Each structure stands twice: as structure tokens, then as C-alpha cells.
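Text of start_33.cif, listed as mmCIF, C-alpha atoms:
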data_final
loop_
_atom_site.label_atom_id
_atom_site.label_comp_id
_atom_site.auth_asym_id
_atom_site.auth_seq_id
_atom_site.Cartn_x
_atom_site.Cartn_y
_atom_site.Cartn_z
CA MET A 263 -8.40 -15.61 69.55
CA THR A 264 -5.96 -17.43 67.30
CA PRO A 265 -2.79 -18.36 69.20
CA ALA A 266 0.46 -16.90 67.92
CA PRO A 267 2.54 -19.34 65.90
CA SER A 268 5.46 -20.93 67.67
CA GLU A 269 9.00 -20.08 66.68
CA ALA A 270 9.31 -23.45 64.94
CA GLU A 271 6.11 -22.81 62.96
CA ARG A 272 7.30 -19.35 61.98
CA LEU A 273 10.64 -20.70 60.76
CA LEU A 274 8.94 -23.50 58.83
CA ALA A 275 6.66 -20.99 57.11
CA GLU A 276 9.68 -18.92 56.14
CA ALA A 277 11.39 -22.08 54.85
CA ASP A 278 8.32 -22.85 52.74
CA HIS A 279 8.52 -19.40 51.19
CA ALA A 280 12.24 -19.80 50.52
CA LEU A 281 11.61 -23.15 48.84
CA ALA A 282 8.85 -21.66 46.70
CA MET A 283 11.22 -18.88 45.63
CA GLN A 284 14.01 -21.44 44.96
CA ARG A 285 16.26 -19.85 47.57
CA TYR A 286 17.61 -23.20 48.62
CA GLU A 287 20.51 -22.18 50.85
CA GLN A 288 18.23 -19.88 52.83
CA ALA A 289 15.71 -22.73 53.10
CA ARG A 290 18.40 -25.07 54.46
CA ILE A 291 19.42 -22.57 57.14
CA LEU A 292 15.80 -21.95 58.16
CA LEU A 293 15.13 -25.69 58.39
CA ASP A 294 18.15 -26.14 60.65
CA GLN A 295 16.85 -23.32 62.85
CA ALA A 296 13.32 -24.76 62.89
CA GLN A 297 14.61 -28.15 63.92
CA GLY A 298 16.57 -26.53 66.72
CA ALA A 299 13.38 -24.71 67.79
CA GLY A 300 11.52 -28.01 68.13
CA ALA A 301 9.91 -28.64 64.74
CA SER A 302 8.51 -32.15 64.36
CA LEU A 303 10.51 -34.76 62.51
CA ALA A 304 7.78 -35.19 59.87
CA ALA A 305 7.55 -31.44 59.22
CA SER A 306 11.33 -31.16 58.90
CA GLU A 307 11.77 -34.24 56.69
CA ARG A 308 8.98 -33.23 54.30
CA ARG A 309 10.70 -29.94 53.63
CA ARG A 310 14.17 -31.48 53.47
CA GLY A 311 12.81 -33.80 50.83
CA ASP A 312 11.51 -30.82 48.89
CA LEU A 313 14.87 -29.06 49.33
CA ALA A 314 16.72 -32.08 47.93
CA HIS A 315 14.16 -32.28 45.10
CA GLY A 316 14.75 -28.63 44.24
CA LEU A 317 18.52 -29.13 44.24
CA GLY A 318 18.25 -32.22 42.02
CA ASP A 319 19.60 -34.52 44.76
CA TRP A 320 17.22 -37.25 43.69
CA THR A 321 18.63 -39.98 45.94
CA ALA A 322 18.21 -37.90 49.10
CA ALA A 323 14.75 -36.67 48.05
CA TYR A 324 13.58 -40.20 47.32
CA GLY A 325 14.80 -41.40 50.69
CA TYR A 326 12.83 -38.71 52.52
CA TYR A 327 9.65 -39.23 50.49
CA ARG A 328 9.67 -43.01 50.75
CA GLY A 329 10.21 -42.84 54.51
CA LEU A 330 7.40 -40.36 55.04
CA MET A 331 4.96 -42.24 52.81
CA ALA A 332 5.79 -45.53 54.55
CA ARG A 333 4.92 -43.92 57.91
CA GLY A 334 1.64 -42.56 56.52
CA GLU A 335 2.86 -38.98 56.78
CA GLY A 336 2.73 -38.18 53.06
CA ASP A 337 -0.02 -37.19 50.65
CA ALA A 338 -0.81 -37.30 46.93
CA PRO A 339 1.43 -34.35 45.97
CA MET A 340 4.30 -36.02 47.80
CA ALA A 341 3.62 -39.25 45.91
CA ALA A 342 3.86 -37.23 42.68
CA ARG A 343 7.22 -35.82 43.77
CA ALA A 344 8.36 -39.33 44.69
CA ALA A 345 7.41 -40.39 41.15
CA ARG A 346 9.55 -37.61 39.70
CA THR A 347 12.55 -38.60 41.81
CA ALA A 348 12.14 -42.27 40.89
CA LEU A 349 12.00 -41.27 37.22
CA GLU A 350 15.23 -39.30 37.55
CA LEU A 351 16.84 -42.31 39.23
CA GLY A 352 15.71 -44.62 36.40
CA ARG A 353 13.42 -46.64 38.67
CA LEU A 354 10.59 -46.65 36.16
CA ASP A 355 8.27 -49.26 37.67
CA GLU A 356 8.36 -47.41 40.98
CA ALA A 357 7.87 -44.06 39.25
CA ALA A 358 4.76 -45.37 37.47
CA ALA A 359 3.34 -46.83 40.69
CA TRP A 360 3.92 -43.61 42.65
CA MET A 361 2.39 -41.42 39.97
CA ASP A 362 -0.64 -43.66 39.49
CA ARG A 363 -1.16 -43.49 43.24
CA ALA A 364 -0.93 -39.71 43.12
CA LEU A 365 -3.20 -39.33 40.09
CA ALA A 366 -5.93 -41.26 41.86
CA GLN A 367 -6.46 -38.08 43.89
CA THR A 368 -8.19 -35.06 42.35
CA VAL A 369 -5.60 -32.60 43.66
CA VAL A 370 -2.94 -34.23 41.46
CA ALA A 371 -5.13 -35.46 38.60
CA GLY A 372 -5.93 -31.85 37.75
CA ASP A 373 -2.25 -30.85 37.54
CA TRP A 374 -1.04 -30.98 33.94
CA ARG A 375 2.57 -31.26 35.06
CA ALA A 376 1.84 -34.51 36.87
CA GLN A 377 0.02 -35.88 33.83
CA ASN A 378 2.97 -34.80 31.67
CA ILE A 379 5.43 -36.64 33.91
CA ARG A 380 3.23 -39.74 33.73
CA GLY A 381 3.52 -39.52 29.95
CA VAL A 382 7.31 -39.29 30.16
CA ILE A 383 7.43 -42.32 32.46
CA ALA A 384 5.27 -44.29 30.02
CA ASP A 385 7.48 -43.29 27.09
CA ARG A 386 10.58 -44.47 28.94
CA MET A 387 8.82 -47.80 29.54
CA GLY A 388 7.74 -48.08 25.90
CA ASP A 389 4.06 -47.95 26.91
CA TYR A 390 2.96 -45.49 24.23
CA ALA A 391 -0.76 -46.08 24.71
CA ARG A 392 -0.46 -44.99 28.34
CA ALA A 393 1.73 -42.05 27.32
CA GLU A 394 -0.93 -40.90 24.85
CA LEU A 395 -3.59 -40.94 27.56
CA ALA A 396 -1.41 -38.94 29.91
CA TYR A 397 -0.41 -36.27 27.38
CA ALA A 398 -3.99 -35.93 26.17
CA ALA A 399 -5.15 -35.47 29.77
CA ALA A 400 -2.48 -32.84 30.35
CA TYR A 401 -3.49 -31.02 27.17
CA GLY A 402 -7.11 -31.07 28.22
CA ILE A 403 -6.13 -29.31 31.44
CA ALA A 404 -3.54 -26.80 30.23
CA GLY A 405 -3.75 -26.53 26.44
CA ASP A 406 -0.71 -25.31 24.52
CA GLN A 407 2.10 -25.58 27.07
CA PRO A 408 5.40 -25.76 25.11
CA MET A 409 7.05 -28.36 27.36
CA LEU A 410 4.00 -30.59 27.11
CA LEU A 411 3.78 -30.17 23.33
CA ASN A 412 7.47 -31.01 22.96
CA ASN A 413 7.20 -34.13 25.12
CA TRP A 414 4.07 -35.28 23.32
CA GLY A 415 5.78 -34.68 19.99
CA PHE A 416 8.84 -36.63 21.13
CA SER A 417 6.54 -39.50 22.08
CA LYS A 418 5.25 -39.46 18.50
CA LEU A 419 8.85 -39.45 17.25
CA LEU A 420 9.58 -42.59 19.25
CA GLN A 421 6.62 -44.23 17.51
CA GLY A 422 7.60 -43.08 14.02
CA ARG A 423 4.48 -40.92 13.72
CA TRP A 424 6.38 -38.19 11.92
CA ALA A 425 3.58 -35.88 10.79
CA GLU A 426 1.99 -35.73 14.24
CA ALA A 427 5.39 -35.22 15.84
CA HIS A 428 6.19 -32.42 13.45
CA ALA A 429 2.88 -30.62 14.03
CA LEU A 430 3.39 -30.68 17.79
CA GLY A 431 7.02 -29.67 17.40
CA VAL A 432 6.12 -26.67 15.27
CA LYS A 433 3.78 -25.39 17.98
CA ALA A 434 6.25 -26.08 20.81
CA ALA A 435 9.13 -24.33 19.05
CA ALA A 436 6.97 -21.33 18.15
CA LEU A 437 5.83 -20.92 21.75
CA ALA A 438 9.36 -21.32 23.18
CA PRO A 439 11.88 -20.09 20.59
CA ASP A 440 14.54 -19.98 23.30
CA LYS A 441 14.50 -23.80 23.64
CA PRO A 442 16.86 -25.32 21.02
CA LEU A 443 15.74 -28.84 21.91
CA TYR A 444 12.17 -28.10 20.83
CA ALA A 445 13.35 -26.84 17.44
CA ALA A 446 15.66 -29.86 17.09
CA ASN A 447 12.82 -32.31 17.69
CA ARG A 448 10.61 -30.40 15.23
CA ASP A 449 13.34 -30.49 12.59
CA PHE A 450 14.05 -34.20 13.14
CA ALA A 451 10.40 -35.01 12.48
CA GLY A 452 10.49 -32.84 9.37
CA TRP A 453 13.58 -34.57 8.03
CA ALA A 454 12.00 -37.95 8.72
CA MET A 455 8.99 -36.80 6.68
CA GLY A 456 11.26 -36.02 3.73
CA GLN A 457 11.36 -32.24 3.93
CA GLY A 458 14.88 -32.14 2.56
CA LEU A 459 18.31 -31.65 4.06
CA PRO A 460 19.03 -28.63 6.24
CA GLN A 461 20.70 -25.54 4.84
CA ARG A 462 23.38 -23.69 6.73
CA ALA A 463 21.92 -20.74 8.63
CA PRO A 464 23.60 -17.32 8.51
CA GLY A 465 26.32 -17.22 11.13
CA GLU A 466 25.94 -20.90 12.01
CA GLN A 467 29.18 -22.52 13.14
CA ALA A 468 30.47 -25.34 10.94
CA GLU A 469 30.37 -27.90 13.75
CA ALA A 470 26.75 -27.02 14.59
CA PHE A 471 25.76 -27.35 10.92
CA ALA A 472 27.54 -30.70 10.73
CA ARG A 473 25.58 -31.91 13.74
CA ARG A 474 22.29 -30.91 12.13
CA LEU A 475 23.24 -32.68 8.92
CA ASN A 476 24.08 -35.79 10.90
CA ASP A 477 20.71 -35.66 12.66
CA ALA A 478 18.98 -35.24 9.30
CA GLY A 479 20.82 -38.31 8.05
CA VAL A 480 19.72 -40.34 11.06
CA ALA A 481 16.10 -39.26 10.50
CA ALA A 482 16.25 -40.18 6.83
CA ALA A 483 17.83 -43.56 7.62
CA ILE A 484 15.12 -44.36 10.18
CA ALA A 485 12.48 -43.45 7.60
CA GLY A 486 14.12 -45.80 5.07
CA ARG A 487 15.55 -43.21 2.68
CA GLY A 488 19.10 -44.50 2.38
CA ALA A 489 20.28 -42.24 -0.44
CA GLU A 490 19.20 -39.11 1.39
CA ALA A 491 20.80 -40.35 4.61
CA ARG A 492 24.08 -41.03 2.79
CA ALA A 493 24.02 -37.54 1.30
CA ALA A 494 23.45 -35.98 4.72
CA PHE A 495 26.26 -37.91 6.39
CA THR A 496 28.63 -37.10 3.54
CA ARG A 497 27.80 -33.40 3.71
CA ALA A 498 28.31 -33.48 7.49
CA LEU A 499 31.84 -34.78 6.94
CA THR A 500 32.68 -31.89 4.63
CA ALA A 501 30.80 -29.18 6.50
CA SER A 502 33.35 -28.87 9.27
CA SER A 503 37.11 -28.38 9.12
CA THR A 504 37.44 -31.11 11.73
CA HIS A 505 36.53 -34.74 11.13
CA TYR A 506 32.95 -35.31 12.35
CA ALA A 507 33.25 -38.77 13.88
CA ARG A 508 29.55 -39.36 14.47
CA ALA A 509 28.65 -38.80 10.82
CA ALA A 510 31.56 -40.99 9.70
CA HIS A 511 30.36 -43.77 11.98
CA ASN A 512 26.78 -43.45 10.75
CA LEU A 513 27.91 -43.46 7.13
CA GLU A 514 29.99 -46.60 7.75
CA ARG A 515 27.03 -48.32 9.35
CA LEU A 516 24.77 -47.31 6.49
CA ASP A 517 27.21 -48.59 3.84
CA SER A 518 27.68 -51.90 5.67
CA SER A 519 23.98 -52.58 6.15
CA PRO A 520 22.37 -55.16 3.85
#
Translate this file's structure into C-alpha cells.
Amino acid sequence: MTPAPSEAERLLAEADHALAMQRYEQARILLDQAQGAGASLAASERRRGDLAHGLGDWTAAYGYYRGLMARGEGDAPMAARAARTALELGRLDEAAAWMDRALAQTVVAGDWRAQNIRGVIADRMGDYARAELAYAAAYGIAGDQPMLLNNWGFSKLLQGRWAEAHALGVKAAALAPDKPLYAANRDFAGWAMGQGLPQRAPGEQAEAFARRLNDAGVAAAIAGRGAEARAAFTRALTASSTHYARAAHNLERLDSSP
């Protein structure tokens, strides 16, 4: 006969469910109760790390995860979460080391989200060959996930591979039309390819249109099309009733470049 769970075990199980449902305040209360009922330090700290991770308190989460891993009380999924927290804290070498440690285990290697994060870490480090491997692995697992496609496309943008970036951006934006960033990255790649300056959309606010023109100018300048960049920055200055400082600064830089 299976023994009945202890009160601490019951409260921890309820805390796990609250964490999974992103009910973080409820999870905090349940963890306090579980600790009072005699839950082990390792069981409590693991979940408090996950609570901090869910709340975006990266410093606290990283402290919990590092302590648990140092005591041998962590596992590969925890190493992956430690990698994410290190990434958010800008500790890129540590993030790469944690994620590589996690990906050495099948349970994490088969998770496209972990592979995607490894690609982001590599991009931040300028290691585009490693990023390509990670994104390709993630795609092989999950296929057309919009977040993955956008990140992979942004990696291509960073490398100046405009056509590949645009193709990925088109798919990401189509799959997630509610994500303005995906459309912005798609459009930037298109402008860098020479697809022409943006036209004002119906109902688009002047300031928003000016920002898009400025971005188009930046893309054209990066691609070496100075005349088109100058036209975009100039149009951005006249698109809005207020002076658009970013476009003015970019135009000044363009005119002063050799």
C-alpha cells in the first residue's frame, strides 16, 4: 500500500501546480507553508529558484540554481534554467557553459526551447557558427515555431545575410501577426535587400511612420545604399510634426561619413 503523502509533500505538489499555472503569489504562500511543514531545504530552494525565474528575478534565481548545482542537488533542466538566468544577467560565458552542460543530456537536447536559447547566447557572443547549429537543431525538433524563426532570422540579420533573414522573418510574422517585433525584423531585412522605402499605412501615427522610415534608412545605410538611406532619414524628419531626433542624428552621421 502506498503511504499517504506528508503535509509538506502535498504542499510542494500544490506549489508545483501553481508554478506551472504561473500563479506565483499562490506558489510563494504554498512554499512558505511547505517549509513550515518540514520540507527539505533542497526541495524548497529548487522551487524558490523556479519562482524567482518565473517572476524575472534573475539574480535570485541564479543564486538558488548555482547553490543547488554546486551541492549536486540539480539536474540538466536546472542547468538549462541557470543558463537562461545567466543570459538575462549578461554573463554570457557562464550561460554558454551551463547550457552546454544541460544539452549534453537527452532530456534537454530534445527541447527546442533550450536549443533556441543556446542560439541566442551564441549570437550575443558573436559565435554565429554555433548559433546556426543551435537554431537548426531547434528547427529539426519543432519546425515552424514563430519565436524560433524570428530569432534565427535575427541571427541572419546580424550577419548581413538579408535574403535568408527576410525569408525567416516572413514566416515568423505570418505565424504570429500579433508580434510587432517579428514584422519589424522582417521589414528591416527587406529594406536591407533594397525592397524600397516604407509607405505610410492607413491609420498609422506620424511618429510610428517616422520610426519605420528611420529603420529603413539604417538598413539601407548598412547595405551601402547611401542615397536611399538619406532619402529615408529625410522623409522621417518630415513625416512627423515633431522633430525626429534619431533620424536627424543618423542623417548627420551619414552626411559626415567619408
Identify, on the basis of all atoms listed in the file, every residue whose closest approach to Arg474 in chain A does not exceed 8 Å; exclude the query and any residue fewer than 4 positions from it along the same chain; express the result as a list in words.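 Counting all atoms listed in the file, the residues come to Pro460, Ala470 and Ala478 of chain A.
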On this file, the PyMOL selection byres ((chain A and resi 297) around 12) gives some set of residues; write that set as a PyMOL selection string. chain A and resi 269-274+277+290-296+298-307+309-310
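Picture a line from CA of Arg497 in chain A to CA of Leu475 in chain A; it runs 7.0 Å.
Counting from CA of Ala314 in chain A, the distance to CA of Gly334 in chain A is 20.3 Å.
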Suppose you want the space between CA of Gly479 in chain A and CA of Arg492 in chain A; what is it in Å? 6.8 Å
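Remark: for Leu354 in chain A, the closest of the candidate residues A:Leu420, A:Val370, A:Ile383, A:Ala510 is A:Ile383 (distances computed over only C-alpha atoms).
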If the PyMOL selection byres ((chain A and resi 472) around 8) were run on this exact file, what residues would it hold? Put them as a PyMOL selection string. chain A and resi 468-471+473-476+497-499+501-502+506
Need the neighbours of (-6.4, -38.4, 37.3): which residues are at most 12 Å away, counting only C-alpha atoms, as number ranges by chain? A: 338, 342, 361-378, 380, 395-400, 402-403
Given all atoms listed in the file as the basis, pick out the residue of A:Gly316, A:Ser268, A:Asp477, A:Arg448 nearest to Ala289 in chain A. A:Gly316
Contact residues around Leu419 in chain A with only C-alpha atoms at 12 Å, ignoring same-chain residues under 2 positions, as a PyMOL selection string: chain A and resi 385+390+412-417+421-431+446-455+481+484-485
Selection above as a file: C-alpha atoms, as a PDB file, keeping the file's coordinate frame:
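Just written: again13.pdb:
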ATOM      1  CA  ASP A 385       7.480 -43.290  27.090  1.00  0.00           C
ATOM      2  CA  TYR A 390       2.960 -45.490  24.230  1.00  0.00           C
ATOM      3  CA  ASN A 412       7.470 -31.010  22.960  1.00  0.00           C
ATOM      4  CA  ASN A 413       7.200 -34.130  25.120  1.00  0.00           C
ATOM      5  CA  TRP A 414       4.070 -35.280  23.320  1.00  0.00           C
ATOM      6  CA  GLY A 415       5.780 -34.680  19.990  1.00  0.00           C
ATOM      7  CA  PHE A 416       8.840 -36.630  21.130  1.00  0.00           C
ATOM      8  CA  SER A 417       6.540 -39.500  22.080  1.00  0.00           C
ATOM      9  CA  GLN A 421       6.620 -44.230  17.510  1.00  0.00           C
ATOM     10  CA  GLY A 422       7.600 -43.080  14.020  1.00  0.00           C
ATOM     11  CA  ARG A 423       4.480 -40.920  13.720  1.00  0.00           C
ATOM     12  CA  TRP A 424       6.380 -38.190  11.920  1.00  0.00           C
ATOM     13  CA  ALA A 425       3.580 -35.880  10.790  1.00  0.00           C
ATOM     14  CA  GLU A 426       1.990 -35.730  14.240  1.00  0.00           C
ATOM     15  CA  ALA A 427       5.390 -35.220  15.840  1.00  0.00           C
ATOM     16  CA  HIS A 428       6.190 -32.420  13.450  1.00  0.00           C
ATOM     17  CA  ALA A 429       2.880 -30.620  14.030  1.00  0.00           C
ATOM     18  CA  LEU A 430       3.390 -30.680  17.790  1.00  0.00           C
ATOM     19  CA  GLY A 431       7.020 -29.670  17.400  1.00  0.00           C
ATOM     20  CA  ALA A 446      15.660 -29.860  17.090  1.00  0.00           C
ATOM     21  CA  ASN A 447      12.820 -32.310  17.690  1.00  0.00           C
ATOM     22  CA  ARG A 448      10.610 -30.400  15.230  1.00  0.00           C
ATOM     23  CA  ASP A 449      13.340 -30.490  12.590  1.00  0.00           C
ATOM     24  CA  PHE A 450      14.050 -34.200  13.140  1.00  0.00           C
ATOM     25  CA  ALA A 451      10.400 -35.010  12.480  1.00  0.00           C
ATOM     26  CA  GLY A 452      10.490 -32.840   9.370  1.00  0.00           C
ATOM     27  CA  TRP A 453      13.580 -34.570   8.030  1.00  0.00           C
ATOM     28  CA  ALA A 454      12.000 -37.950   8.720  1.00  0.00           C
ATOM     29  CA  MET A 455       8.990 -36.800   6.680  1.00  0.00           C
ATOM     30  CA  ALA A 481      16.100 -39.260  10.500  1.00  0.00           C
ATOM     31  CA  ILE A 484      15.120 -44.360  10.180  1.00  0.00           C
ATOM     32  CA  ALA A 485      12.480 -43.450   7.600  1.00  0.00           C
TER      33      ALA A 485
END
For Asp440 in chain A, work out the shell of residues within 12 Å, counting all atoms listed in the file and skipping chain neighbours fewer than 5 positions away, then give it as a ChimeraX atom specification. /A:408-409,434-435,445-446
Write out as AutoDock Vina command-line options an axis-aligned box for range 469-482 of chain A: all of its atoms listed in the file, 8 Å added on each side, centre and edge lengths in Å with one decimal.
--center_x 23.2 --center_y -33.7 --center_z 10.7 --size_x 30.3 --size_y 29.3 --size_z 23.8
Explicit residues for the PyMOL selection byres ((chain A and resi 346) around 12) (as a PyMOL selection string): chain A and resi 312+315-316+318-321+323-324+327+339-345+347-362+364+375-383
